[in-house]
$ cat protein17.csv   # CSV, C-alpha atoms
chain,number,residue,atom,x,y,z
A,1,MET,CA,23.3,135.8,-56.9
A,2,SER,CA,21.0,137.6,-59.4
A,3,SER,CA,18.0,139.7,-58.4
A,4,SER,CA,15.7,137.1,-59.9
A,5,ASP,CA,17.2,134.4,-57.6
A,6,LEU,CA,16.6,136.6,-54.6
A,7,GLY,CA,13.0,137.2,-55.7
A,8,VAL,CA,12.4,133.4,-55.9
A,9,MET,CA,13.9,132.9,-52.4
A,10,GLU,CA,11.8,135.7,-51.0
A,11,GLY,CA,8.7,134.2,-52.6
A,12,VAL,CA,9.4,130.8,-51.1
A,13,SER,CA,10.1,132.3,-47.7
A,14,ALA,CA,6.8,134.3,-47.9
A,15,ALA,CA,4.9,131.2,-48.9
A,16,THR,CA,6.4,129.2,-46.1
A,17,ALA,CA,5.6,131.9,-43.5
A,18,ARG,CA,2.0,132.2,-44.9
A,19,GLN,CA,1.5,128.4,-44.5
A,20,ALA,CA,2.8,128.5,-41.0
A,21,TRP,CA,0.3,131.2,-40.1
A,22,MET,CA,-2.5,129.3,-41.8
A,23,LEU,CA,-1.7,126.3,-39.6
A,24,ARG,CA,-1.6,128.5,-36.5
A,25,MET,CA,-5.0,130.1,-37.4
A,26,TYR,CA,-6.5,126.7,-38.1
A,27,THR,CA,-5.2,125.2,-34.8
A,28,PHE,CA,-6.6,128.3,-33.0
A,29,ALA,CA,-9.9,127.8,-34.7
A,30,ILE,CA,-10.5,124.1,-34.0
A,31,TYR,CA,-9.8,124.7,-30.3
A,32,THR,CA,-12.3,127.5,-30.4
A,33,THR,CA,-15.0,124.9,-31.2
A,34,GLN,CA,-13.4,122.6,-28.6
A,35,ALA,CA,-13.8,125.3,-25.9
A,36,LEU,CA,-17.4,125.7,-26.9
A,37,LEU,CA,-18.1,122.0,-26.6
A,38,VAL,CA,-16.4,121.5,-23.2
A,39,SER,CA,-17.5,124.8,-21.6
A,40,TYR,CA,-20.9,125.6,-22.9
A,41,PHE,CA,-22.6,122.5,-24.5
A,42,PRO,CA,-23.4,121.0,-21.0
A,43,LEU,CA,-25.1,124.4,-20.1
A,44,TYR,CA,-27.0,124.4,-23.4
A,45,PHE,CA,-28.3,120.9,-22.7
A,46,LEU,CA,-29.2,121.9,-19.2
A,47,SER,CA,-31.2,124.9,-20.6
A,48,LYS,CA,-33.0,122.4,-22.9
A,49,GLY,CA,-34.4,120.7,-19.8
A,50,PHE,CA,-32.2,117.6,-19.7
A,51,ASN,CA,-31.2,116.3,-16.3
A,52,GLU,CA,-27.7,115.5,-15.1
A,53,GLN,CA,-27.9,111.8,-16.0
A,54,GLN,CA,-29.1,112.6,-19.6
A,55,ILE,CA,-26.2,115.1,-19.9
A,56,GLY,CA,-23.9,112.3,-18.8
A,57,VAL,CA,-25.3,110.1,-21.6
A,58,LEU,CA,-24.7,112.9,-24.1
A,59,TYR,CA,-21.2,113.6,-22.7
A,60,SER,CA,-20.3,109.9,-23.0
A,61,SER,CA,-21.4,109.6,-26.6
A,62,GLY,CA,-18.3,111.4,-27.8
A,63,PRO,CA,-15.7,109.2,-26.2
A,64,LEU,CA,-17.7,106.1,-27.2
A,65,ILE,CA,-17.8,106.9,-30.9
A,66,SER,CA,-14.3,108.4,-30.8
A,67,ILE,CA,-12.8,104.8,-30.5
A,68,LEU,CA,-14.3,103.9,-33.9
A,69,ALA,CA,-14.0,107.3,-35.5
A,70,ASN,CA,-10.3,107.7,-34.8
A,71,LEU,CA,-9.4,104.3,-36.3
A,72,LEU,CA,-11.5,104.8,-39.4
A,73,MET,CA,-10.4,108.4,-40.1
A,74,GLY,CA,-6.7,107.5,-39.5
A,75,ALA,CA,-7.1,104.6,-41.9
A,76,ALA,CA,-8.8,106.8,-44.5
A,77,SER,CA,-6.1,109.5,-44.3
A,78,ASP,CA,-3.5,106.7,-44.7
A,79,LYS,CA,-5.2,105.0,-47.6
A,80,TYR,CA,-5.8,108.2,-49.6
A,81,ARG,CA,-2.6,109.9,-48.4
A,82,THR,CA,-4.3,113.1,-47.4
A,83,ILE,CA,-5.1,114.7,-44.0
A,84,ARG,CA,-6.4,118.1,-45.2
A,85,LYS,CA,-9.2,116.5,-47.3
A,86,VAL,CA,-10.3,114.3,-44.5
A,87,LEU,CA,-10.3,117.3,-42.1
A,88,ILE,CA,-12.5,119.2,-44.6
A,89,LEU,CA,-14.9,116.3,-44.9
A,90,LEU,CA,-15.1,116.0,-41.1
A,91,LEU,CA,-15.8,119.8,-40.8
A,92,PHE,CA,-18.7,119.5,-43.3
A,93,GLY,CA,-20.1,116.6,-41.3
A,94,GLN,CA,-19.9,118.8,-38.1
A,95,LEU,CA,-21.7,121.6,-39.9
A,96,VAL,CA,-24.5,119.3,-41.0
A,97,ALA,CA,-24.9,117.8,-37.5
A,98,ALA,CA,-24.9,121.2,-35.8
A,99,ALA,CA,-27.6,122.5,-38.3
A,100,CYS,CA,-29.7,119.4,-37.4
A,101,LEU,CA,-29.2,120.1,-33.7
A,102,LEU,CA,-30.8,123.6,-33.9
A,103,PRO,CA,-34.4,122.4,-34.2
A,104,ALA,CA,-34.0,119.2,-32.2
A,105,SER,CA,-35.8,119.0,-28.9
A,106,SER,CA,-36.4,115.4,-27.9
A,107,PHE,CA,-33.6,113.7,-25.9
A,108,TRP,CA,-33.1,110.7,-28.2
A,109,ALA,CA,-33.0,112.9,-31.3
A,110,VAL,CA,-30.3,115.0,-29.7
A,111,VAL,CA,-28.4,111.8,-28.7
A,112,THR,CA,-28.5,110.5,-32.3
A,113,ILE,CA,-27.3,113.9,-33.7
A,114,MET,CA,-24.5,114.2,-31.2
A,115,PHE,CA,-23.3,110.7,-32.0
A,116,PHE,CA,-22.8,111.8,-35.6
A,117,PHE,CA,-21.4,115.2,-34.5
A,118,TYR,CA,-18.8,113.6,-32.3
A,119,PHE,CA,-17.9,111.0,-35.0
A,120,CYS,CA,-16.9,114.0,-37.1
A,121,GLN,CA,-15.3,116.0,-34.3
A,122,THR,CA,-13.3,113.7,-32.2
A,123,PRO,CA,-10.7,112.7,-34.9
A,124,MET,CA,-9.9,116.4,-35.5
A,125,VAL,CA,-7.3,116.9,-32.8
A,126,PRO,CA,-5.2,113.7,-33.5
A,127,LEU,CA,-5.3,114.3,-37.3
A,128,THR,CA,-4.4,118.0,-36.8
A,129,ASP,CA,-1.4,116.9,-34.6
A,130,SER,CA,-0.3,114.6,-37.4
A,131,LEU,CA,-0.7,117.4,-40.0
A,132,ILE,CA,1.4,119.8,-37.8
A,133,VAL,CA,4.2,117.1,-37.4
A,134,LEU,CA,4.3,116.5,-41.1
A,135,ALA,CA,4.3,120.2,-41.9
A,136,SER,CA,6.9,121.1,-39.4
A,137,PRO,CA,10.0,120.5,-41.5
A,138,HIS,CA,8.4,122.3,-44.5
A,139,ILE,CA,7.3,125.4,-42.7
A,140,LYS,CA,10.5,125.6,-40.6
A,141,GLN,CA,8.6,125.7,-37.3
A,142,PRO,CA,8.7,123.2,-34.4
A,143,TYR,CA,5.5,121.4,-33.5
A,144,ALA,CA,5.2,123.2,-30.1
A,145,LEU,CA,5.2,126.7,-31.7
A,146,ILE,CA,2.2,125.7,-33.8
A,147,ARG,CA,0.3,123.6,-31.2
A,148,ILE,CA,0.5,126.3,-28.6
A,149,PHE,CA,-2.0,128.3,-30.6
A,150,GLY,CA,-4.5,125.6,-29.8
A,151,SER,CA,-4.1,126.3,-26.1
A,152,ILE,CA,-4.3,130.0,-26.7
A,153,GLY,CA,-7.4,129.5,-28.8
A,154,PHE,CA,-9.1,127.5,-26.1
A,155,CYS,CA,-8.2,130.0,-23.4
A,156,VAL,CA,-9.3,133.1,-25.3
A,157,SER,CA,-12.4,131.5,-26.8
A,158,ALA,CA,-13.7,130.0,-23.5
A,159,TYR,CA,-13.8,133.5,-22.0
A,160,PHE,CA,-15.0,135.6,-25.0
A,161,LEU,CA,-17.6,133.1,-26.2
A,162,GLY,CA,-19.0,133.3,-22.6
A,163,LEU,CA,-19.3,137.0,-23.0
A,164,ILE,CA,-21.2,136.5,-26.3
A,165,LEU,CA,-23.5,133.9,-24.9
A,166,LYS,CA,-24.2,136.0,-21.8
A,167,ALA,CA,-25.3,138.8,-24.1
A,168,VAL,CA,-27.4,136.8,-26.6
A,169,GLY,CA,-28.5,133.8,-24.4
A,170,THR,CA,-27.5,130.2,-24.0
A,171,GLN,CA,-30.0,129.1,-26.7
A,172,TRP,CA,-27.5,130.6,-29.2
A,173,THR,CA,-24.8,128.1,-28.3
A,174,VAL,CA,-25.3,125.9,-31.4
A,175,ALA,CA,-25.5,128.9,-33.7
A,176,VAL,CA,-22.1,130.1,-32.3
A,177,CYS,CA,-20.8,126.6,-32.9
A,178,ILE,CA,-21.9,126.7,-36.5
A,179,ALA,CA,-20.0,130.0,-36.9
A,180,THR,CA,-16.7,128.6,-35.4
A,181,ILE,CA,-17.0,125.5,-37.7
A,182,ILE,CA,-17.5,127.7,-40.8
A,183,ALA,CA,-14.5,129.8,-39.8
A,184,THR,CA,-12.4,126.7,-39.4
A,185,LEU,CA,-13.6,125.3,-42.7
A,186,LEU,CA,-12.6,128.5,-44.6
A,187,ILE,CA,-9.1,128.4,-43.1
A,188,ALA,CA,-8.8,124.7,-43.9
A,189,PHE,CA,-9.4,125.4,-47.6
A,190,LEU,CA,-6.4,127.8,-47.6
A,191,MET,CA,-4.0,125.3,-46.0
A,192,ARG,CA,-1.6,123.0,-47.9
A,193,ASP,CA,-1.8,119.3,-47.5
A,194,TYR,CA,1.3,117.6,-46.1
A,195,GLN,CA,1.9,113.9,-46.9
A,196,GLY,CA,3.9,111.3,-45.1
A,197,THR,CA,3.8,107.7,-44.1
A,198,MET,CA,1.1,107.5,-41.5
A,199,ARG,CA,1.5,104.0,-40.0
A,200,LYS,CA,-1.7,102.0,-39.6
A,201,MET,CA,-2.4,100.6,-36.2
A,202,ASP,CA,-0.5,97.4,-35.8
A,203,PHE,CA,-3.2,95.1,-34.6
A,204,SER,CA,-1.0,92.1,-34.0
A,205,GLY,CA,1.3,94.3,-31.9
A,206,PHE,CA,-1.7,95.7,-30.2
A,207,PHE,CA,-3.0,92.4,-29.0
A,208,ARG,CA,0.5,91.3,-27.9
A,209,LEU,CA,0.9,94.5,-26.1
A,210,VAL,CA,-2.3,94.4,-24.0
A,211,ARG,CA,-1.3,90.9,-22.6
A,212,LYS,CA,1.8,92.3,-20.9
A,213,PRO,CA,1.1,92.5,-17.1
A,214,ASP,CA,3.2,95.7,-16.7
A,215,VAL,CA,1.4,97.4,-19.5
A,216,VAL,CA,-2.0,96.3,-18.4
A,217,LEU,CA,-1.3,97.6,-14.9
A,218,PHE,CA,-0.1,101.0,-16.1
A,219,PHE,CA,-3.0,101.6,-18.4
A,220,SER,CA,-5.5,100.4,-15.7
A,221,ILE,CA,-4.1,103.1,-13.4
A,222,VAL,CA,-4.2,105.7,-16.2
A,223,LEU,CA,-7.9,104.7,-16.7
A,224,ILE,CA,-8.7,105.5,-13.0
A,225,VAL,CA,-7.1,109.0,-13.3
A,226,SER,CA,-8.8,109.5,-16.6
A,227,ILE,CA,-12.3,108.8,-15.2
A,228,ALA,CA,-11.7,111.3,-12.4
A,229,HIS,CA,-10.4,113.9,-14.9
A,230,ARG,CA,-13.4,113.4,-17.3
A,231,MET,CA,-15.9,113.5,-14.4
A,232,ASN,CA,-14.6,117.0,-13.6
A,233,GLU,CA,-14.5,118.1,-17.2
A,234,GLY,CA,-18.1,117.0,-17.9
A,235,PHE,CA,-19.8,118.5,-14.9
A,236,LEU,CA,-17.8,121.5,-13.8
A,237,GLY,CA,-19.9,123.9,-15.9
A,238,VAL,CA,-23.1,122.3,-14.7
A,239,THR,CA,-22.1,122.7,-11.0
A,240,MET,CA,-21.1,126.3,-11.5
A,241,ASN,CA,-24.4,127.0,-13.3
A,242,LYS,CA,-26.4,125.5,-10.4
A,243,MET,CA,-24.5,127.9,-8.1
A,244,GLY,CA,-25.6,130.8,-10.1
A,245,ALA,CA,-22.5,131.3,-12.3
A,246,SER,CA,-23.0,133.1,-15.6
A,247,ASP,CA,-21.7,131.7,-18.9
A,248,THR,CA,-18.9,134.3,-18.7
A,249,LEU,CA,-17.7,133.0,-15.3
A,250,VAL,CA,-17.8,129.4,-16.6
A,251,GLY,CA,-15.7,130.5,-19.5
A,252,ALA,CA,-13.3,132.3,-17.2
A,253,ALA,CA,-12.8,129.0,-15.3
A,254,TRP,CA,-12.0,127.1,-18.4
A,255,SER,CA,-9.7,129.9,-19.7
A,256,MET,CA,-7.7,129.7,-16.5
A,257,SER,CA,-7.2,126.0,-16.9
A,258,SER,CA,-6.0,126.3,-20.5
A,259,LEU,CA,-3.8,129.3,-19.8
A,260,SER,CA,-2.2,127.6,-16.8
A,261,GLU,CA,-1.1,124.5,-18.7
A,262,ILE,CA,1.0,126.4,-21.3
A,263,PRO,CA,4.1,127.2,-19.0
A,264,ILE,CA,3.9,123.8,-17.3
A,265,LEU,CA,3.9,121.9,-20.6
A,266,TYR,CA,6.9,124.0,-21.7
A,267,LEU,CA,8.8,123.3,-18.5
A,268,MET,CA,8.0,119.6,-18.6
A,269,GLY,CA,9.3,119.5,-22.1
A,270,LYS,CA,12.5,121.2,-21.1
A,271,TYR,CA,13.2,119.7,-17.6
A,272,GLY,CA,10.8,116.8,-17.1
A,273,HIS,CA,13.3,114.2,-18.2
A,274,ARG,CA,15.3,114.9,-15.1
A,275,TYR,CA,12.7,113.2,-12.9
A,276,LYS,CA,11.4,109.6,-12.7
A,277,GLU,CA,8.1,109.2,-14.4
A,278,LEU,CA,6.1,107.2,-11.7
A,279,PRO,CA,6.9,109.6,-8.8
A,280,LEU,CA,5.8,112.5,-11.1
A,281,LEU,CA,2.6,110.6,-11.9
A,282,PHE,CA,2.1,110.0,-8.2
A,283,PHE,CA,2.6,113.8,-7.5
A,284,ALA,CA,0.2,114.8,-10.3
A,285,SER,CA,-2.5,112.3,-9.1
A,286,VAL,CA,-2.3,113.5,-5.5
A,287,LEU,CA,-2.8,117.1,-6.7
A,288,TYR,CA,-5.7,115.9,-8.9
A,289,ALA,CA,-7.2,114.5,-5.7
A,290,LEU,CA,-6.7,117.8,-3.9
A,291,ARG,CA,-8.3,119.7,-6.8
A,292,PHE,CA,-11.4,117.5,-7.0
A,293,TRP,CA,-11.8,117.5,-3.2
A,294,LEU,CA,-11.7,121.3,-3.2
A,295,ASN,CA,-14.3,121.3,-6.0
A,296,GLY,CA,-16.6,119.2,-3.8
A,297,HIS,CA,-16.5,121.6,-0.9
A,298,ILE,CA,-16.6,124.9,-2.7
A,299,THR,CA,-19.7,127.0,-1.9
A,300,THR,CA,-19.2,129.8,-4.4
A,301,PRO,CA,-18.8,129.5,-8.2
A,302,TYR,CA,-15.8,131.9,-8.1
A,303,GLY,CA,-13.9,129.2,-6.2
A,304,PHE,CA,-13.8,127.0,-9.3
A,305,VAL,CA,-11.9,129.7,-11.2
A,306,LEU,CA,-9.1,129.3,-8.7
A,307,THR,CA,-9.1,125.5,-8.5
A,308,GLN,CA,-8.9,125.4,-12.3
A,309,LEU,CA,-5.4,126.9,-12.0
A,310,LEU,CA,-4.4,123.5,-10.6
A,311,HIS,CA,-5.0,122.2,-14.1
A,312,SER,CA,-1.4,123.2,-14.7
A,313,VAL,CA,0.2,120.9,-12.2
A,314,THR,CA,-2.4,118.1,-12.6
A,315,PHE,CA,-3.1,117.6,-16.3
A,316,GLY,CA,0.1,119.4,-17.5
A,317,ILE,CA,2.4,117.1,-15.5
A,318,PHE,CA,0.3,114.0,-15.8
A,319,PHE,CA,-0.3,114.0,-19.5
A,320,SER,CA,3.3,114.8,-20.6
A,321,THR,CA,4.8,112.4,-18.1
A,322,ALA,CA,2.4,109.5,-19.0
A,323,LEU,CA,3.2,109.9,-22.7
A,324,ARG,CA,6.9,109.8,-21.8
A,325,TYR,CA,6.4,106.6,-19.7
A,326,VAL,CA,4.5,104.9,-22.6
A,327,ALA,CA,7.5,105.6,-24.8
A,328,GLN,CA,9.7,103.7,-22.3
A,329,ILE,CA,7.5,100.6,-21.7
A,330,ILE,CA,6.4,100.0,-25.2
A,331,PRO,CA,9.0,98.4,-27.6
A,332,ASP,CA,9.7,100.4,-30.8
A,333,GLU,CA,7.9,97.9,-33.1
A,334,TYR,CA,4.7,98.4,-31.1
A,335,ARG,CA,5.0,102.1,-30.4
A,336,SER,CA,2.1,103.3,-32.6
A,337,SER,CA,-0.1,100.6,-31.0
A,338,GLY,CA,0.8,101.8,-27.5
A,339,MET,CA,0.1,105.5,-28.3
A,340,ALA,CA,-3.2,104.5,-29.8
A,341,LEU,CA,-4.1,102.5,-26.7
A,342,PHE,CA,-3.3,105.5,-24.5
A,343,ALA,CA,-5.6,107.7,-26.6
A,344,ILE,CA,-8.4,105.2,-26.4
A,345,VAL,CA,-8.0,104.8,-22.6
A,346,TRP,CA,-7.7,108.5,-21.9
A,347,THR,CA,-10.4,109.7,-24.2
A,348,GLY,CA,-12.6,106.8,-25.1
A,349,PHE,CA,-13.1,104.4,-22.2
A,350,ALA,CA,-12.7,107.0,-19.5
A,351,GLY,CA,-15.2,109.3,-21.2
A,352,VAL,CA,-17.9,106.6,-21.5
A,353,ILE,CA,-17.5,105.5,-17.9
A,354,SER,CA,-17.3,109.0,-16.5
A,355,GLY,CA,-20.3,110.1,-18.5
A,356,LEU,CA,-22.6,107.2,-17.6
A,357,PHE,CA,-21.4,106.6,-14.0
A,358,GLY,CA,-20.7,110.2,-13.2
A,359,GLY,CA,-24.1,111.4,-14.6
A,360,TYR,CA,-25.9,108.9,-12.4
A,361,LEU,CA,-23.8,109.7,-9.3
A,362,TYR,CA,-24.3,113.5,-9.8
A,363,GLN,CA,-28.1,113.2,-10.2
A,364,GLN,CA,-28.6,110.8,-7.3
A,365,TYR,CA,-26.2,112.3,-4.7
A,366,GLY,CA,-25.2,115.8,-5.8
A,367,SER,CA,-22.0,117.5,-6.6
A,368,GLY,CA,-20.3,117.1,-3.2
A,369,LEU,CA,-20.2,113.3,-3.2
A,370,PHE,CA,-19.6,113.4,-7.0
A,371,PHE,CA,-16.3,115.3,-6.6
A,372,ASP,CA,-15.3,113.3,-3.5
A,373,VAL,CA,-15.5,110.1,-5.5
A,374,ALA,CA,-13.4,111.7,-8.3
A,375,ALA,CA,-10.8,112.8,-5.6
A,376,ALA,CA,-10.8,109.2,-4.2
A,377,LEU,CA,-10.2,107.7,-7.6
A,378,ALA,CA,-7.3,110.1,-8.2
A,379,LEU,CA,-5.8,109.4,-4.8
A,380,LEU,CA,-6.1,105.6,-5.4
A,381,ALA,CA,-4.3,106.0,-8.7
A,382,GLY,CA,-1.5,108.0,-7.1
A,383,LEU,CA,-1.0,105.3,-4.4
A,384,MET,CA,-0.9,102.7,-7.2
A,385,PHE,CA,1.7,104.7,-9.2
A,386,ILE,CA,4.0,105.0,-6.2
A,387,GLY,CA,3.5,101.4,-5.2
A,388,LYS,CA,4.4,100.3,-8.7
A,389,HIS,CA,7.5,102.5,-8.5
A,390,MET,CA,8.6,101.0,-5.2
A,391,LEU,CA,8.1,97.4,-6.4
A,392,ALA,CA,10.1,98.2,-9.5
A,393,ARG,CA,13.0,99.5,-7.4
A,394,ARG,CA,13.1,96.3,-5.4
$ encode --input "protein17.csv" --output "structure tokens"
Amino acid sequence: MSSSDLGVMEGVSAATARQAWMLRMYTFAIYTTQALLVSYFPLYFLSKGFNEQQIGVLYSSGPLISILANLLMGAASDKYRTIRKVLILLLFGQLVAAACLLPASSFWAVVTIMFFFYFCQTPMVPLTDSLIVLASPHIKQPYALIRIFGSIGFCVSAYFLGLILKAVGTQWTVAVCIATIIATLLIAFLMRDYQGTMRKMDFSGFFRLVRKPDVVLFFSIVLIVSIAHRMNEGFLGVTMNKMGASDTLVGAAWSMSSLSEIPILYLMGKYGHRYKELPLLFFASVLYALRFWLNGHITTPYGFVLTQLLHSVTFGIFFSTALRYVAQIIPDEYRSSGMALFAIVWTGFAGVISGLFGGYLYQQYGSGLFFDVAAALALLAGLMFIGKHMLARR
């Protein structure tokens, strides 16, 4: 082999490695913004004088619009055979919305802006996942080794952004968000686009799917767990803040949850197939109930940092196992419809219900009953999972 051939091979190898790192940096960056939204936006809205029920409305706006946004953006990326350009367009939309949010003070103006912001933000993760899957054979890296940088980004950012906001003040939350979006946008311009056949949602299969009693029952139970999960996600920071927690401590709690899920997701991917899905879902749901019950009886904000470690054996086990079960109960020809339905239930419907119902419950009855209701929902779902398993065995 000539030296020129070696030079070409080394060049290709260097380009491949560079693109792999671009994807890692980009994945890290979008989860930085995600950490800010989950951990600190509720505190920002609280500092603006909004009450818990209003925050619940704002929190539910994202899941509500995500149902439409994910379908439209998925169709757009399919029609024009590009994911990267759609992502860049969505990032520009987020930038415009965040800039409009800076001077906004009235509640309904903020609601309107957040609707548009979430329209541009909620499709980012599923589109990014698709991009990583399509890029994987080209960059010679498995999906997990790229996606894990998202968990690292969320973990690191939730803590360090808290330190920044503690130093400069909660009122700078939106400005920090603008900075993270700009950083993500700059990285996105340096990425390659990877094309593939992105299947549109099979609507005929979708409607046939939702009429199956076994499928309806499973997704109904998933919805119950999802509502409890989203209730905790939306109001954890608010509860800690009311107990006197700093932004840094709130960030530490979210960092612990993100960090704890990494080894569990790895172990579930390696060994989870050895165990039946429904008993695993029962186990995760019961631990969810324990986690939320503890949250309802904690008297110091430091306790939430510890209970967030249970995110590993609740979300980590539940999410990976539920996706595995969906792959079993959905026929191959309707697989894409089934996965889309799971995403809509987990993120969309559950987010809307938890935001509106949870916000009202929190404002009227306080955090104790709020988390007790979340625990009861998780326990109910666990009993339904194990009941379904026992009936299936008979």
$ residues_around --input "protein17.csv" --residues "segment 43-52 of chain A" --least-positions-apart "3" --cutoff "6 Å" --atoms "only C-alpha atoms" --output "list in words"
Tyr40, Ile55, Thr170, Gly359 and Gln363 of chain A
$ closest_residue --input "protein17.csv" --among "A:Ala135, A:Ile221, A:Leu356, A:Ala188" --to "Leu64 of chain A" --atoms "all atoms listed in the file"
A:Leu356
$ closest_residue --input "protein17.csv" --among "A:Tyr302, A:Tyr159, A:Tyr266, A:Trp172" --to "Thr248 of chain A" --atoms "all atoms listed in the file"
A:Tyr159
$ residues_near_point --input "protein17.csv" --point "(-0.2, 126.1, -45.9)" --cutoff "9 Å" --atoms "only C-alpha atoms" --output "PyMOL selection string"
chain A and resi 15-23+135+139+188+190-194
$ residues_around --input "protein17.csv" --residues "Ile30 of chain A" --least-positions-apart "3" --cutoff "12 Å" --atoms "all atoms listed in the file" --output "ChimeraX atom specification"
/A:23-27,33-37,87-88,90-91,94,121-129,147,149-154,157,177-188
$ closest_residue --input "protein17.csv" --among "A:Ser226, A:Gln53, A:Ser257, A:Gln171" --to "Ile344 of chain A" --atoms "all atoms listed in the file"
A:Ser226
$ residues_near_point --input "protein17.csv" --point "(6.4, 111.7, -23.9)" --cutoff "10 Å" --atoms "all atoms listed in the file" --output "VMD selection string"
chain A and resid 268 to 269 272 to 273 277 319 to 328 339
$ build_atoms --input "protein17.csv" --residues "segment 338-355 of chain A" --atoms "N, CA and C atoms" --output "mmCIF file, keeping the file's coordinate frame"
data_model
loop_
_atom_site.group_PDB
_atom_site.id
_atom_site.type_symbol
_atom_site.label_atom_id
_atom_site.label_comp_id
_atom_site.auth_asym_id
_atom_site.auth_seq_id
_atom_site.Cartn_x
_atom_site.Cartn_y
_atom_site.Cartn_z
ATOM 1 N N GLY A 338 0.851 101.331 -28.905
ATOM 2 C CA GLY A 338 0.800 101.800 -27.500
ATOM 3 C C GLY A 338 0.256 103.205 -27.415
ATOM 4 N N MET A 339 0.634 104.101 -28.329
ATOM 5 C CA MET A 339 0.100 105.500 -28.300
ATOM 6 C C MET A 339 -1.392 105.461 -28.616
ATOM 7 N N ALA A 340 -1.812 104.585 -29.533
ATOM 8 C CA ALA A 340 -3.200 104.500 -29.800
ATOM 9 C C ALA A 340 -4.013 103.985 -28.636
ATOM 10 N N LEU A 341 -3.439 103.017 -27.924
ATOM 11 C CA LEU A 341 -4.100 102.500 -26.700
ATOM 12 C C LEU A 341 -4.230 103.576 -25.671
ATOM 13 N N PHE A 342 -3.197 104.396 -25.500
ATOM 14 C CA PHE A 342 -3.300 105.500 -24.500
ATOM 15 C C PHE A 342 -4.400 106.446 -24.875
ATOM 16 N N ALA A 343 -4.520 106.809 -26.153
ATOM 17 C CA ALA A 343 -5.600 107.700 -26.600
ATOM 18 C C ALA A 343 -6.955 107.138 -26.343
ATOM 19 N N ILE A 344 -7.104 105.827 -26.617
ATOM 20 C CA ILE A 344 -8.400 105.200 -26.400
ATOM 21 C C ILE A 344 -8.777 105.133 -24.951
ATOM 22 N N VAL A 345 -7.784 104.833 -24.087
ATOM 23 C CA VAL A 345 -8.000 104.800 -22.600
ATOM 24 C C VAL A 345 -8.376 106.170 -22.114
ATOM 25 N N TRP A 346 -7.540 107.173 -22.456
ATOM 26 C CA TRP A 346 -7.700 108.500 -21.900
ATOM 27 C C TRP A 346 -8.964 109.196 -22.369
ATOM 28 N N THR A 347 -9.293 109.037 -23.645
ATOM 29 C CA THR A 347 -10.400 109.700 -24.200
ATOM 30 C C THR A 347 -11.681 108.852 -24.303
ATOM 31 N N GLY A 348 -11.496 107.632 -24.823
ATOM 32 C CA GLY A 348 -12.600 106.800 -25.100
ATOM 33 C C GLY A 348 -13.253 106.114 -23.908
ATOM 34 N N PHE A 349 -12.550 105.137 -23.347
ATOM 35 C CA PHE A 349 -13.100 104.400 -22.200
ATOM 36 C C PHE A 349 -13.429 105.265 -21.024
ATOM 37 N N ALA A 350 -12.495 106.160 -20.696
ATOM 38 C CA ALA A 350 -12.700 107.000 -19.500
ATOM 39 C C ALA A 350 -13.907 107.948 -19.741
ATOM 40 N N GLY A 351 -14.072 108.438 -20.956
ATOM 41 C CA GLY A 351 -15.200 109.300 -21.200
ATOM 42 C C GLY A 351 -16.537 108.632 -21.118
ATOM 43 N N VAL A 352 -16.607 107.394 -21.615
ATOM 44 C CA VAL A 352 -17.900 106.600 -21.500
ATOM 45 C C VAL A 352 -18.217 106.354 -20.074
ATOM 46 N N ILE A 353 -17.240 105.853 -19.307
ATOM 47 C CA ILE A 353 -17.500 105.500 -17.900
ATOM 48 C C ILE A 353 -17.851 106.735 -17.088
ATOM 49 N N SER A 354 -17.082 107.808 -17.263
ATOM 50 C CA SER A 354 -17.300 109.000 -16.500
ATOM 51 C C SER A 354 -18.672 109.644 -16.803
ATOM 52 N N GLY A 355 -19.070 109.572 -18.087
ATOM 53 C CA GLY A 355 -20.300 110.100 -18.500
ATOM 54 C C GLY A 355 -21.525 109.385 -17.894
#
